[in-house]
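A.B. asks: Dropping in my_file_4.csv, with CSV, C-alpha atoms and all ligand atoms.
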chain,number,residue,atom,x,y,z
O,1,MET,CA,124.4,-54.6,28.3
O,2,SER,CA,127.0,-54.8,31.1
O,3,HIS,CA,128.4,-58.1,32.1
O,4,THR,CA,128.7,-59.4,35.7
O,5,ALA,CA,130.8,-62.5,36.3
O,6,ILE,CA,130.3,-64.5,39.5
O,7,ILE,CA,133.4,-66.6,40.3
O,8,ILE,CA,133.0,-69.9,42.0
O,9,GLU,CA,135.9,-70.7,44.3
O,10,GLU,CA,138.4,-73.2,42.9
O,11,GLY,CA,138.0,-76.5,44.7
O,12,GLN,CA,134.4,-75.8,45.9
O,13,GLU,CA,132.7,-79.2,46.2
O,14,THR,CA,129.0,-78.3,46.5
O,15,LEU,CA,126.8,-75.3,45.8
O,16,ASP,CA,125.5,-73.8,48.9
O,17,SER,CA,122.9,-71.0,49.3
O,18,SER,CA,125.6,-68.3,49.4
O,19,ILE,CA,125.4,-68.4,45.6
O,20,GLU,CA,121.8,-67.3,45.8
O,21,SER,CA,122.6,-64.1,47.7
O,22,ILE,CA,125.3,-63.2,45.2
O,23,LEU,CA,123.1,-64.1,42.3
O,24,SER,CA,120.2,-62.0,43.5
O,25,LEU,CA,122.7,-59.1,43.9
O,26,ALA,CA,124.1,-59.6,40.4
O,27,ASN,CA,120.5,-59.8,39.0
O,28,SER,CA,119.6,-56.5,40.8
O,29,PHE,CA,122.2,-54.8,38.6
O,30,GLY,CA,120.2,-55.7,35.4
O,31,ASP,CA,123.3,-57.1,33.7
O,32,ASP,CA,124.1,-60.2,31.8
O,33,VAL,CA,125.2,-62.6,34.5
O,34,SER,CA,127.7,-65.4,34.0
O,35,LEU,CA,129.1,-68.0,36.4
O,36,VAL,CA,132.7,-69.0,36.1
O,37,MET,CA,134.2,-72.1,37.7
O,38,PHE,CA,137.5,-73.9,37.4
O,39,ASN,CA,138.1,-77.4,35.9
O,40,SER,CA,135.4,-79.1,37.8
O,41,ASP,CA,134.9,-82.8,37.1
O,42,ASN,CA,132.4,-82.7,39.9
O,43,VAL,CA,129.2,-83.8,38.2
O,44,GLU,CA,126.9,-82.8,41.1
O,45,LEU,CA,128.3,-79.3,41.1
O,46,ARG,CA,128.1,-78.9,37.4
O,47,GLU,CA,124.4,-80.1,37.4
O,48,SER,CA,123.4,-77.8,40.2
O,49,LEU,CA,125.0,-74.8,38.4
O,50,THR,CA,123.2,-75.4,35.2
O,51,CYS,CA,119.8,-74.9,36.9
O,52,LEU,CA,120.6,-71.4,38.2
O,53,ASN,CA,119.1,-68.3,36.7
O,54,VAL,CA,122.1,-67.0,34.8
O,55,ASN,CA,122.9,-66.2,31.1
O,56,GLN,CA,126.1,-68.2,30.7
O,57,ILE,CA,128.2,-70.7,32.6
O,58,TYR,CA,131.9,-71.1,31.9
O,59,CYS,CA,134.4,-73.7,33.0
O,60,ILE,CA,138.0,-72.6,32.9
O,61,ASN,CA,140.5,-75.4,32.2
O,62,PRO,CA,143.9,-73.9,32.8
O,63,PRO,CA,146.8,-75.1,30.5
O,64,GLY,CA,149.4,-77.3,32.2
O,65,THR,CA,149.3,-79.8,35.0
O,66,TYR,CA,149.0,-78.7,38.6
O,67,ASN,CA,148.5,-80.3,42.0
O,68,LYS,CA,145.3,-79.2,43.7
O,69,PRO,CA,144.6,-76.5,44.8
O,70,LEU,CA,145.3,-74.6,41.6
O,71,PRO,CA,148.2,-72.1,42.3
O,72,ASP,CA,146.7,-68.6,42.9
O,73,GLU,CA,149.0,-67.1,40.1
O,74,VAL,CA,147.4,-69.5,37.6
O,75,ALA,CA,143.9,-68.8,38.8
O,76,ILE,CA,144.5,-65.0,38.6
O,77,SER,CA,146.0,-65.2,35.1
O,78,CYS,CA,143.1,-67.3,33.9
O,79,LEU,CA,140.6,-64.9,35.3
O,80,GLU,CA,142.4,-61.9,33.9
O,81,TRP,CA,142.3,-63.6,30.5
O,82,PHE,CA,138.6,-64.4,30.9
O,83,CYS,CA,137.6,-60.9,32.0
O,84,ASN,CA,139.5,-59.2,29.1
O,85,LYS,CA,138.2,-61.7,26.5
O,86,ASN,CA,134.6,-61.4,27.7
O,87,ASN,CA,134.4,-57.7,28.4
O,88,VAL,CA,133.5,-58.3,32.0
O,89,ASP,CA,132.4,-55.1,33.8
O,90,ARG,CA,132.0,-56.5,37.3
O,91,VAL,CA,133.3,-59.5,39.2
O,92,LEU,CA,131.5,-60.8,42.3
O,93,MET,CA,132.9,-63.4,44.7
O,94,ASN,CA,131.8,-64.9,47.9
O,95,LYS,CA,134.0,-63.6,50.8
O,96,THR,CA,136.3,-66.6,51.4
O,97,PRO,CA,140.0,-66.6,52.2
O,98,TRP,CA,140.6,-67.6,48.6
O,99,ALA,CA,138.5,-64.7,47.2
O,100,LEU,CA,140.1,-62.2,49.6
O,101,ASN,CA,143.5,-63.2,48.1
O,102,ILE,CA,142.4,-63.4,44.5
O,103,GLY,CA,140.0,-60.4,44.3
O,104,PRO,CA,142.4,-57.4,44.8
O,105,ARG,CA,145.1,-59.0,42.6
O,106,LEU,CA,142.6,-59.6,39.8
O,107,ALA,CA,141.3,-56.0,40.1
O,108,PHE,CA,144.9,-54.7,39.8
O,109,ARG,CA,145.5,-56.9,36.7
O,110,ILE,CA,142.4,-55.8,34.9
O,111,LYS,CA,143.0,-52.2,35.9
O,112,GLY,CA,139.9,-52.0,37.9
O,113,SER,CA,138.7,-51.1,41.4
O,114,TYR,CA,138.0,-53.3,44.4
O,115,ALA,CA,135.9,-53.5,47.6
O,116,GLN,CA,135.9,-56.3,50.0
O,117,ASP,CA,133.5,-57.8,52.6
O,118,CYS,CA,130.4,-56.0,51.1
O,119,ILE,CA,127.1,-56.6,52.8
O,120,ASP,CA,125.2,-54.8,50.0
O,121,ILE,CA,126.0,-53.3,46.7
O,122,LYS,CA,123.9,-50.7,44.8
O,123,ARG,CA,124.4,-49.9,41.1
O,124,GLN,CA,124.0,-46.3,40.2
O,125,GLU,CA,122.8,-45.0,36.8
O,126,ASP,CA,126.3,-44.1,35.7
O,127,ASN,CA,127.4,-47.7,36.4
O,128,GLU,CA,129.1,-46.7,39.6
O,129,LEU,CA,128.8,-49.3,42.3
O,130,VAL,CA,128.2,-48.2,45.9
O,131,CYS,CA,129.5,-51.0,48.2
O,132,LEU,CA,128.4,-51.1,51.8
O,133,ARG,CA,130.9,-52.7,54.1
O,134,PRO,CA,131.1,-52.9,57.9
O,135,ILE,CA,134.0,-51.1,59.6
O,136,TYR,CA,135.2,-50.6,63.1
O,137,GLY,CA,134.1,-54.0,64.2
O,138,GLY,CA,130.7,-53.6,62.6
O,139,ASN,CA,130.0,-50.3,64.5
O,140,ALA,CA,129.8,-48.3,61.3
O,141,ILE,CA,129.0,-48.9,57.6
O,142,ALA,CA,131.3,-47.5,55.0
O,143,HIS,CA,129.9,-46.6,51.5
O,144,VAL,CA,132.7,-47.4,49.1
O,145,SER,CA,132.4,-46.1,45.6
O,146,LEU,CA,133.7,-48.1,42.6
O,147,PRO,CA,133.7,-45.9,39.5
O,148,GLY,CA,131.8,-47.2,36.5
O,149,ASP,CA,134.3,-46.5,33.8
O,150,THR,CA,136.7,-49.4,34.8
O,151,PRO,CA,136.0,-53.0,35.8
O,152,GLN,CA,134.8,-53.4,39.4
O,153,VAL,CA,135.6,-56.4,41.7
O,154,ALA,CA,133.9,-57.1,45.0
O,155,THR,CA,133.8,-59.8,47.6
O,156,VAL,CA,130.5,-60.3,49.2
O,157,ARG,CA,129.7,-61.4,52.8
O,158,THR,CA,127.1,-64.2,52.8
O,159,THR,CA,125.9,-66.7,55.3
O,160,PRO,CA,126.0,-70.1,53.6
O,161,LYS,CA,123.4,-72.5,55.1
O,162,GLU,CA,122.0,-75.5,53.3
O,163,THR,CA,123.4,-77.1,50.2
O,164,ILE,CA,121.5,-76.4,47.0
O,165,LYS,CA,120.6,-79.6,45.2
O,166,THR,CA,118.4,-78.8,42.3
O,167,ILE,CA,116.5,-75.7,41.3
O,168,ASN,CA,113.7,-75.9,38.7
O,169,GLY,CA,114.4,-74.0,35.5
O,170,ASN,CA,115.7,-74.6,32.0
O,171,PRO,CA,119.2,-76.0,32.4
O,172,ILE,CA,121.8,-74.2,30.4
O,173,SER,CA,125.0,-75.7,29.1
O,174,ILE,CA,128.5,-75.1,30.3
O,175,THR,CA,131.0,-73.6,28.0
O,176,ASP,CA,134.5,-75.1,28.5
O,177,LEU,CA,137.4,-72.7,28.0
O,178,LYS,CA,141.1,-73.2,27.6
O,179,PRO,CA,142.8,-69.8,28.5
O,180,GLN,CA,145.9,-68.8,26.7
O,181,ILE,CA,148.2,-67.8,29.5
O,182,GLU,CA,151.9,-67.8,30.0
O,183,THR,CA,152.8,-70.5,32.5
O,184,ASP,CA,156.6,-70.2,32.4
O,185,ASP,CA,156.6,-67.3,34.9
O,186,ILE,CA,154.5,-69.1,37.6
O,187,ARG,CA,156.8,-68.9,40.6
O,188,VAL,CA,154.7,-70.6,43.3
O,189,LYS,CA,154.5,-74.4,43.3
O,190,ILE,CA,152.2,-76.3,45.8
O,191,LEU,CA,154.4,-79.0,47.3
O,192,LYS,CA,152.0,-80.3,49.9
O,193,THR,CA,148.5,-79.7,51.1
O,194,VAL,CA,147.6,-80.3,54.7
O,195,THR,CA,143.9,-80.5,55.5
O,196,THR,CA,142.5,-80.1,59.0
O,197,VAL,CA,139.7,-82.4,59.5
O,198,ALA,CA,137.2,-81.0,62.0
O,199,GLU,CA,134.6,-83.2,63.6
O,200,GLY,CA,130.9,-82.3,63.3
O,201,PRO,CA,129.4,-79.5,61.3
O,202,GLU,CA,131.4,-76.8,59.6
O,203,LEU,CA,131.7,-73.7,61.8
O,204,SER,CA,130.2,-71.2,59.4
O,205,LYS,CA,127.1,-73.4,58.9
O,206,ALA,CA,126.6,-74.9,62.4
O,207,GLU,CA,123.3,-74.3,64.2
O,208,ILE,CA,125.1,-74.3,67.6
O,209,VAL,CA,128.5,-72.8,68.1
O,210,ILE,CA,130.4,-73.2,71.4
O,211,ALA,CA,133.2,-70.7,71.7
O,212,GLY,CA,136.0,-70.3,74.2
O,213,GLY,CA,138.2,-67.3,75.1
O,214,ARG,CA,141.2,-66.3,77.1
O,215,GLY,CA,139.2,-66.8,80.3
O,216,LEU,CA,139.6,-70.6,79.7
O,217,GLY,CA,143.2,-70.3,80.7
O,218,GLY,CA,144.8,-72.9,78.4
O,219,PRO,CA,144.2,-75.5,75.7
O,220,GLU,CA,142.8,-78.3,77.8
O,221,PRO,CA,139.3,-76.8,78.4
O,222,PHE,CA,138.8,-76.7,74.6
O,223,GLU,CA,138.6,-80.5,74.8
O,224,LYS,CA,135.6,-80.0,77.1
O,225,LEU,CA,134.1,-77.6,74.6
O,226,LYS,CA,134.6,-80.2,71.9
O,227,GLU,CA,132.8,-82.8,74.1
O,228,LEU,CA,129.8,-80.5,74.5
O,229,ALA,CA,129.8,-79.7,70.8
O,230,LYS,CA,129.7,-83.4,70.0
O,231,ILE,CA,126.7,-83.9,72.3
O,232,LEU,CA,124.8,-81.0,70.7
O,233,ASP,CA,126.0,-81.6,67.2
O,234,GLY,CA,127.6,-78.2,67.2
O,235,ALA,CA,130.9,-76.7,66.3
O,236,VAL,CA,133.7,-75.2,68.4
O,237,GLY,CA,134.9,-71.6,67.9
O,238,ALA,CA,137.3,-69.3,69.7
O,239,SER,CA,138.3,-65.7,70.3
O,240,ARG,CA,141.5,-64.4,68.7
O,241,ALA,CA,143.1,-64.2,72.2
O,242,ALA,CA,142.7,-68.0,72.6
O,243,CYS,CA,144.0,-68.6,69.0
O,244,ASP,CA,146.9,-66.2,69.4
O,245,ALA,CA,147.9,-68.0,72.6
O,246,GLY,CA,148.2,-71.2,70.6
O,247,TRP,CA,145.4,-73.0,72.5
O,248,ILE,CA,143.5,-73.7,69.3
O,249,ASP,CA,144.1,-73.3,65.6
O,250,HIS,CA,143.3,-69.9,63.9
O,251,ASN,CA,140.8,-71.8,61.7
O,252,PHE,CA,138.5,-71.6,64.6
O,253,GLN,CA,138.8,-67.9,65.2
O,254,ILE,CA,135.5,-65.9,65.1
O,255,GLY,CA,135.4,-62.2,64.5
O,256,LEU,CA,136.5,-59.4,62.4
O,257,THR,CA,139.7,-61.1,61.3
O,258,GLY,CA,138.2,-64.6,61.7
O,259,LYS,CA,135.0,-66.4,60.6
O,260,THR,CA,131.5,-65.0,60.7
O,261,VAL,CA,128.9,-67.3,62.3
O,262,THR,CA,125.1,-67.0,62.5
O,263,PRO,CA,124.0,-70.0,64.5
O,264,ASN,CA,120.7,-70.4,66.4
O,265,MET,CA,122.8,-70.5,69.6
O,266,TYR,CA,126.2,-69.0,70.3
O,267,LEU,CA,127.4,-70.3,73.6
O,268,THR,CA,130.5,-68.6,75.0
O,269,PHE,CA,132.9,-69.4,77.9
O,270,GLY,CA,135.4,-66.8,79.1
O,271,ILE,CA,135.0,-64.4,76.2
O,272,SER,CA,134.8,-60.7,77.0
O,273,GLY,CA,132.9,-59.6,73.9
O,274,ALA,CA,135.3,-57.1,72.3
O,275,SER,CA,133.8,-55.4,69.3
O,276,GLN,CA,136.2,-57.2,67.0
O,277,HIS,CA,134.9,-60.5,68.3
O,278,MET,CA,131.2,-59.5,68.2
O,279,ALA,CA,131.7,-58.5,64.5
O,280,GLY,CA,131.8,-62.3,63.8
O,281,CYS,CA,128.9,-63.5,65.9
O,282,SER,CA,126.4,-60.7,66.5
O,283,GLY,CA,124.2,-62.2,63.8
O,284,SER,CA,123.6,-65.2,66.1
O,285,ARG,CA,119.9,-65.7,67.0
O,286,ASN,CA,120.7,-66.4,70.7
O,287,ILE,CA,123.9,-65.5,72.5
O,288,VAL,CA,124.4,-67.3,75.8
O,289,SER,CA,127.5,-66.3,77.9
O,290,ILE,CA,129.3,-67.6,80.9
O,291,ASN,CA,131.8,-65.0,82.3
O,292,SER,CA,133.0,-64.3,85.8
O,293,ASP,CA,132.8,-60.6,85.3
O,294,LYS,CA,129.3,-59.3,85.5
O,295,ASN,CA,130.3,-56.1,83.6
O,296,ALA,CA,131.7,-58.1,80.6
O,297,ASN,CA,130.6,-56.5,77.4
O,298,ILE,CA,129.4,-59.8,76.0
O,299,PHE,CA,126.4,-59.7,78.5
O,300,LYS,CA,125.1,-56.6,76.6
O,301,GLU,CA,124.5,-58.7,73.6
O,302,SER,CA,123.5,-62.0,75.4
O,303,LYS,CA,120.0,-63.2,75.7
O,304,TYR,CA,121.0,-65.4,78.7
O,305,GLY,CA,124.1,-65.4,80.8
O,306,VAL,CA,125.7,-66.8,83.9
O,307,VAL,CA,128.0,-64.7,86.0
O,308,GLY,CA,130.4,-67.3,87.2
O,309,ASP,CA,133.5,-69.4,86.8
O,310,TRP,CA,133.3,-71.7,83.7
O,311,LYS,CA,135.1,-74.4,85.7
O,312,LEU,CA,131.9,-74.7,87.8
O,313,VAL,CA,129.4,-74.0,85.1
O,314,LEU,CA,130.7,-76.1,82.2
O,315,PRO,CA,130.8,-79.6,83.9
O,316,SER,CA,127.2,-79.2,85.3
O,317,PHE,CA,126.0,-77.8,82.0
O,318,ILE,CA,127.4,-80.8,80.1
O,319,SER,CA,125.9,-83.3,82.6
O,320,THR,CA,122.5,-81.5,82.4
O,321,VAL,CA,122.5,-81.5,78.6
O,322,ARG,CA,123.3,-85.3,78.7
O,323,GLU,CA,120.5,-86.0,81.1
O,324,LEU,CA,118.0,-84.0,79.0
O,325,ILE,CA,119.0,-85.8,75.8
O,326,ASP,CA,118.8,-89.2,77.6
O,327,GLU,CA,115.3,-88.3,78.9
O,328,LYS,CA,114.2,-87.3,75.4
O,329,GLN,CA,115.5,-90.5,73.9
O,330,LYS,CA,113.6,-92.7,76.5
O,401,LIG,C1,142.4,-55.3,64.2
O,401,LIG,C2,141.9,-56.2,65.2
O,401,LIG,C3,141.2,-57.4,64.8
O,401,LIG,C4,140.8,-58.3,65.7
O,401,LIG,N1,140.1,-59.4,65.3
O,401,LIG,C5,139.6,-60.2,66.3
O,401,LIG,C6,138.8,-61.3,65.9
O,401,LIG,O1,138.6,-61.6,64.7
O,401,LIG,N2,138.3,-62.1,66.8
O,401,LIG,C7,138.5,-61.9,68.2
O,401,LIG,O2,138.0,-62.7,69.0
O,401,LIG,N3,139.2,-60.8,68.6
O,401,LIG,C8,139.8,-60.0,67.6
O,401,LIG,N4,140.6,-59.0,68.0
O,401,LIG,C9,141.0,-58.9,69.5
O,401,LIG,C10,139.9,-58.3,70.4
O,401,LIG,O3,140.1,-57.0,70.4
O,401,LIG,C11,140.1,-58.9,71.8
O,401,LIG,O4,141.4,-58.7,72.3
O,401,LIG,C12,139.8,-60.4,71.9
O,401,LIG,O5,138.6,-60.7,71.3
O,401,LIG,C13,139.7,-60.8,73.4
O,401,LIG,O6,139.5,-62.2,73.5
O,401,LIG,P1,138.9,-62.8,74.8
O,401,LIG,O7,137.5,-62.2,75.0
O,401,LIG,O8,139.1,-64.3,74.7
O,401,LIG,O9,139.9,-62.3,75.9
O,401,LIG,P2,139.7,-61.2,77.1
O,401,LIG,O10,139.3,-59.9,76.5
O,401,LIG,O11,140.9,-61.2,77.9
O,401,LIG,O12,138.5,-61.8,77.9
O,401,LIG,C14,138.6,-62.9,78.7
O,401,LIG,C15,137.3,-63.0,79.5
O,401,LIG,O13,137.3,-64.2,80.3
O,401,LIG,C16,136.6,-63.9,81.5
O,401,LIG,N5,137.1,-64.9,82.5
O,401,LIG,C17,138.3,-65.0,83.1
O,401,LIG,N6,138.4,-66.1,83.9
O,401,LIG,C18,137.2,-66.6,83.8
O,401,LIG,C19,136.6,-67.8,84.4
O,401,LIG,N7,137.3,-68.6,85.2
O,401,LIG,N8,135.3,-68.1,84.1
O,401,LIG,C20,134.6,-67.3,83.3
O,401,LIG,N9,135.1,-66.2,82.7
O,401,LIG,C21,136.3,-65.9,82.9
O,401,LIG,C22,137.1,-62.5,81.9
O,401,LIG,O14,136.1,-61.9,82.7
O,401,LIG,C23,137.1,-61.8,80.5
O,401,LIG,O15,135.8,-61.2,80.2
O,401,LIG,C24,141.0,-58.1,67.1
O,401,LIG,C25,141.7,-56.9,67.5
O,401,LIG,C26,142.2,-56.0,66.6
O,401,LIG,C27,142.9,-54.8,67.0
Using structure tokens, write down the structure that the file contains.
C.D. replies:
Amino acid sequence: MSHTAIIIEEGQETLDSSIESILSLANSFGDDVSLVMFNSDNVELRESLTCLNVNQIYCINPPGTYNKPLPDEVAISCLEWFCNKNNVDRVLMNKTPWALNIGPRLAFRIKGSYAQDCIDIKRQEDNELVCLRPIYGGNAIAHVSLPGDTPQVATVRTTPKETIKTINGNPISITDLKPQIETDDIRVKILKTVTTVAEGPELSKAEIVIAGGRGLGGPEPFEKLKELAKILDGAVGASRAACDAGWIDHNFQIGLTGKTVTPNMYLTFGISGASQHMAGCSGSRNIVSINSDKNANIFKESKYGVVGDWKLVLPSFISTVRELIDEKQK
């Protein structure tokens, strides 16, 4: 029987529902499925993994001592060792910046093929994988074929929502592994890690996202968006133009080359709705847009919209939301 390994990102703290999407994909192949994580001393994560419907769970403990996060070169060498030792036929990973970096390099090391940002994968009888991935800003779907005679590696687009706590089932034990890898030729050392602490919910999981674009004209209006996000318990996002201008960090970028969001409400101020931006937000349940140009593309995908200057709309929007919340709390 073929063997599919699902790699859990190094440093992942909790198990969210994205694992369920990848797991159901792996199970649809009819393979043996294993989960692979790195030296996690996180008891909650370990426990939640053991309740998933898989055949084996492995925990890789790399040799040597490293500052967190584990250097990519070490992670790749460990995964190469794991795949070769366990005759892994397919590797699936959640599409995260970490996986987008590790995936193609691992595929090269194990002499396999690679597809990224897949929204679906179908296994053919001859073991070939047909990977469906959006292209041209989501306007077309490419069918990428990974041949079945060499290992296949794919990153999968998921929409993480709630955290998985426990799933009923027969818990299976975790096998700890100590890979035999050469550590002398590791050239990258992590000297310092700087973490950006964002207030409120994480962008990719937020139920309300308030995004700003070039139409805001500068960094200051993003403070207003943050104020609104705080009131609504939402998260702030941005278009690439706003990030490229240095008004807000690229961590907040939504779109083809940014994050994908699927909130209940996606509220935009001064965003034109270029296809590359819409690629990251068109899965939102309700798009609400404020733009001074009545012909802006974003209105084509919006449920509600205001044609007007954000400088007039945003302050009254914030005060109305405050009033409604106050009234509700009375
Ligand atoms: C390969 C590639 C990848 C890309 N990836 C991404 C991506 O991931 N995410 C992304 O966002 N973009 C991406 N882009 C860029 C994308 O094509 C657009 O250039 C970008 O999204 C435009 O951002 P914007 O809507 O903020 O700016 P603009 O297109 O300049 O739109 C600004 C809008 O603000 C409105 N406006 C101006 N003043 C006001 C006002 N006072 N009140 C209200 N509205 C006002 C204008 O009418 C206009 O519609 C990518 C491009 C390429 C080529």
A.B. asks: Listing only residues of chain O within 7 Å of ligand LIG 401 (chain O), what is the closest atom pair and its distance in Å (to one decimal) for each, using only C-alpha atoms and all ligand atoms, sorted by chain and residue number ascending, as JSON lines?
C.D. replies:
{"residue": "O:Gly212", "atom": "CA", "partner": "O:LIG401", "partner_atom": "O8", "distance": 6.8}
{"residue": "O:Gly213", "atom": "CA", "partner": "O:LIG401", "partner_atom": "O8", "distance": 3.2}
{"residue": "O:Arg214", "atom": "CA", "partner": "O:LIG401", "partner_atom": "O8", "distance": 3.8}
{"residue": "O:Gly215", "atom": "CA", "partner": "O:LIG401", "partner_atom": "O13", "distance": 3.2}
{"residue": "O:Leu216", "atom": "CA", "partner": "O:LIG401", "partner_atom": "C18", "distance": 6.2}
{"residue": "O:Ala238", "atom": "CA", "partner": "O:LIG401", "partner_atom": "O2", "distance": 6.7}
{"residue": "O:Ser239", "atom": "CA", "partner": "O:LIG401", "partner_atom": "O2", "distance": 3.3}
{"residue": "O:Arg240", "atom": "CA", "partner": "O:LIG401", "partner_atom": "O2", "distance": 3.9}
{"residue": "O:Ala241", "atom": "CA", "partner": "O:LIG401", "partner_atom": "O6", "distance": 4.3}
{"residue": "O:Ala242", "atom": "CA", "partner": "O:LIG401", "partner_atom": "O8", "distance": 5.6}
{"residue": "O:Gln253", "atom": "CA", "partner": "O:LIG401", "partner_atom": "N2", "distance": 6.0}
{"residue": "O:Ile254", "atom": "CA", "partner": "O:LIG401", "partner_atom": "N2", "distance": 5.0}
{"residue": "O:Gly255", "atom": "CA", "partner": "O:LIG401", "partner_atom": "O1", "distance": 3.3}
{"residue": "O:Leu256", "atom": "CA", "partner": "O:LIG401", "partner_atom": "O1", "distance": 3.8}
{"residue": "O:Thr257", "atom": "CA", "partner": "O:LIG401", "partner_atom": "O1", "distance": 3.6}
{"residue": "O:Gly258", "atom": "CA", "partner": "O:LIG401", "partner_atom": "O1", "distance": 4.3}
{"residue": "O:Phe269", "atom": "CA", "partner": "O:LIG401", "partner_atom": "C20", "distance": 6.0}
{"residue": "O:Gly270", "atom": "CA", "partner": "O:LIG401", "partner_atom": "O13", "distance": 3.4}
{"residue": "O:Ile271", "atom": "CA", "partner": "O:LIG401", "partner_atom": "O7", "distance": 3.5}
{"residue": "O:Ser272", "atom": "CA", "partner": "O:LIG401", "partner_atom": "O15", "distance": 3.4}
{"residue": "O:Gly273", "atom": "CA", "partner": "O:LIG401", "partner_atom": "O7", "distance": 5.4}
{"residue": "O:Ala274", "atom": "CA", "partner": "O:LIG401", "partner_atom": "O5", "distance": 5.0}
{"residue": "O:Ser275", "atom": "CA", "partner": "O:LIG401", "partner_atom": "O3", "distance": 6.6}
{"residue": "O:Gln276", "atom": "CA", "partner": "O:LIG401", "partner_atom": "C5", "distance": 4.6}
{"residue": "O:His277", "atom": "CA", "partner": "O:LIG401", "partner_atom": "C7", "distance": 3.9}
{"residue": "O:Gly280", "atom": "CA", "partner": "O:LIG401", "partner_atom": "O1", "distance": 6.9}
{"residue": "O:Ile290", "atom": "CA", "partner": "O:LIG401", "partner_atom": "C20", "distance": 5.8}
{"residue": "O:Asn291", "atom": "CA", "partner": "O:LIG401", "partner_atom": "N9", "distance": 3.5}
{"residue": "O:Ser292", "atom": "CA", "partner": "O:LIG401", "partner_atom": "N9", "distance": 4.2}
{"residue": "O:Asp293", "atom": "CA", "partner": "O:LIG401", "partner_atom": "O14", "distance": 4.4}
{"residue": "O:Ala296", "atom": "CA", "partner": "O:LIG401", "partner_atom": "O15", "distance": 5.2}
{"residue": "O:Gly308", "atom": "CA", "partner": "O:LIG401", "partner_atom": "C20", "distance": 5.7}
{"residue": "O:Asp309", "atom": "CA", "partner": "O:LIG401", "partner_atom": "N8", "distance": 3.5}
{"residue": "O:Trp310", "atom": "CA", "partner": "O:LIG401", "partner_atom": "N8", "distance": 4.1}
{"residue": "O:Lys311", "atom": "CA", "partner": "O:LIG401", "partner_atom": "N7", "distance": 6.2}
A.B. asks: Produce a file of the selected residues containing C-alpha atoms, as a PDB file, in the frame of the given file.
C.D. replies:
ATOM      1  CA  GLY O 212     136.000 -70.300  74.200  1.00  0.00           C
ATOM      2  CA  GLY O 213     138.200 -67.300  75.100  1.00  0.00           C
ATOM      3  CA  ARG O 214     141.200 -66.300  77.100  1.00  0.00           C
ATOM      4  CA  GLY O 215     139.200 -66.800  80.300  1.00  0.00           C
ATOM      5  CA  LEU O 216     139.600 -70.600  79.700  1.00  0.00           C
ATOM      6  CA  ALA O 238     137.300 -69.300  69.700  1.00  0.00           C
ATOM      7  CA  SER O 239     138.300 -65.700  70.300  1.00  0.00           C
ATOM      8  CA  ARG O 240     141.500 -64.400  68.700  1.00  0.00           C
ATOM      9  CA  ALA O 241     143.100 -64.200  72.200  1.00  0.00           C
ATOM     10  CA  ALA O 242     142.700 -68.000  72.600  1.00  0.00           C
ATOM     11  CA  GLN O 253     138.800 -67.900  65.200  1.00  0.00           C
ATOM     12  CA  ILE O 254     135.500 -65.900  65.100  1.00  0.00           C
ATOM     13  CA  GLY O 255     135.400 -62.200  64.500  1.00  0.00           C
ATOM     14  CA  LEU O 256     136.500 -59.400  62.400  1.00  0.00           C
ATOM     15  CA  THR O 257     139.700 -61.100  61.300  1.00  0.00           C
ATOM     16  CA  GLY O 258     138.200 -64.600  61.700  1.00  0.00           C
ATOM     17  CA  PHE O 269     132.900 -69.400  77.900  1.00  0.00           C
ATOM     18  CA  GLY O 270     135.400 -66.800  79.100  1.00  0.00           C
ATOM     19  CA  ILE O 271     135.000 -64.400  76.200  1.00  0.00           C
ATOM     20  CA  SER O 272     134.800 -60.700  77.000  1.00  0.00           C
ATOM     21  CA  GLY O 273     132.900 -59.600  73.900  1.00  0.00           C
ATOM     22  CA  ALA O 274     135.300 -57.100  72.300  1.00  0.00           C
ATOM     23  CA  SER O 275     133.800 -55.400  69.300  1.00  0.00           C
ATOM     24  CA  GLN O 276     136.200 -57.200  67.000  1.00  0.00           C
ATOM     25  CA  HIS O 277     134.900 -60.500  68.300  1.00  0.00           C
ATOM     26  CA  GLY O 280     131.800 -62.300  63.800  1.00  0.00           C
ATOM     27  CA  ILE O 290     129.300 -67.600  80.900  1.00  0.00           C
ATOM     28  CA  ASN O 291     131.800 -65.000  82.300  1.00  0.00           C
ATOM     29  CA  SER O 292     133.000 -64.300  85.800  1.00  0.00           C
ATOM     30  CA  ASP O 293     132.800 -60.600  85.300  1.00  0.00           C
ATOM     31  CA  ALA O 296     131.700 -58.100  80.600  1.00  0.00           C
ATOM     32  CA  GLY O 308     130.400 -67.300  87.200  1.00  0.00           C
ATOM     33  CA  ASP O 309     133.500 -69.400  86.800  1.00  0.00           C
ATOM     34  CA  TRP O 310     133.300 -71.700  83.700  1.00  0.00           C
ATOM     35  CA  LYS O 311     135.100 -74.400  85.700  1.00  0.00           C
TER      36      LYS O 311
END
A.B. asks: Please return as a list of chain:residue names every residue within 10 Å of (142.9, -60.3, 40.9), taking into account only C-alpha atoms and the file's own coordinates.
C.D. replies: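 It turns out the residues near that spot are O:Asp72, O:Glu73, O:Ala75, O:Ile76, O:Ser77, O:Cys78, O:Leu79, O:Glu80, O:Val91, O:Ala99, O:Leu100, O:Asn101, O:Ile102, O:Gly103, O:Pro104, O:Arg105, O:Leu106, O:Ala107, O:Phe108, O:Arg109, O:Ile110, O:Lys111, O:Gly112, O:Tyr114, O:Val153.
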A.B. asks: Considering all atoms listed in the file, can you say which of O:Asp126, O:Thr158, O:Pro219, O:Leu191 comes closest to O:Ala245?
C.D. replies: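 Once distances to O:Ala245 are computed over all atoms listed in the file, the minimum belongs to O:Pro219.
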A.B. asks: Writing C-alpha atoms and nothing else, produce stretch 315-319 of chain O as a compact mmCIF listing (two decimals), in the first residue's frame.
C.D. replies:
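After the write, result.txt holds the following:
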# COMPACT_ATOMS: atom_id res chain seq x y z
CA PRO O 315 -15.98 58.15 11.14
CA SER O 316 -19.77 57.95 10.92
CA PHE O 317 -19.57 54.19 10.42
CA ILE O 318 -17.47 53.85 13.59
CA SER O 319 -19.82 56.04 15.65
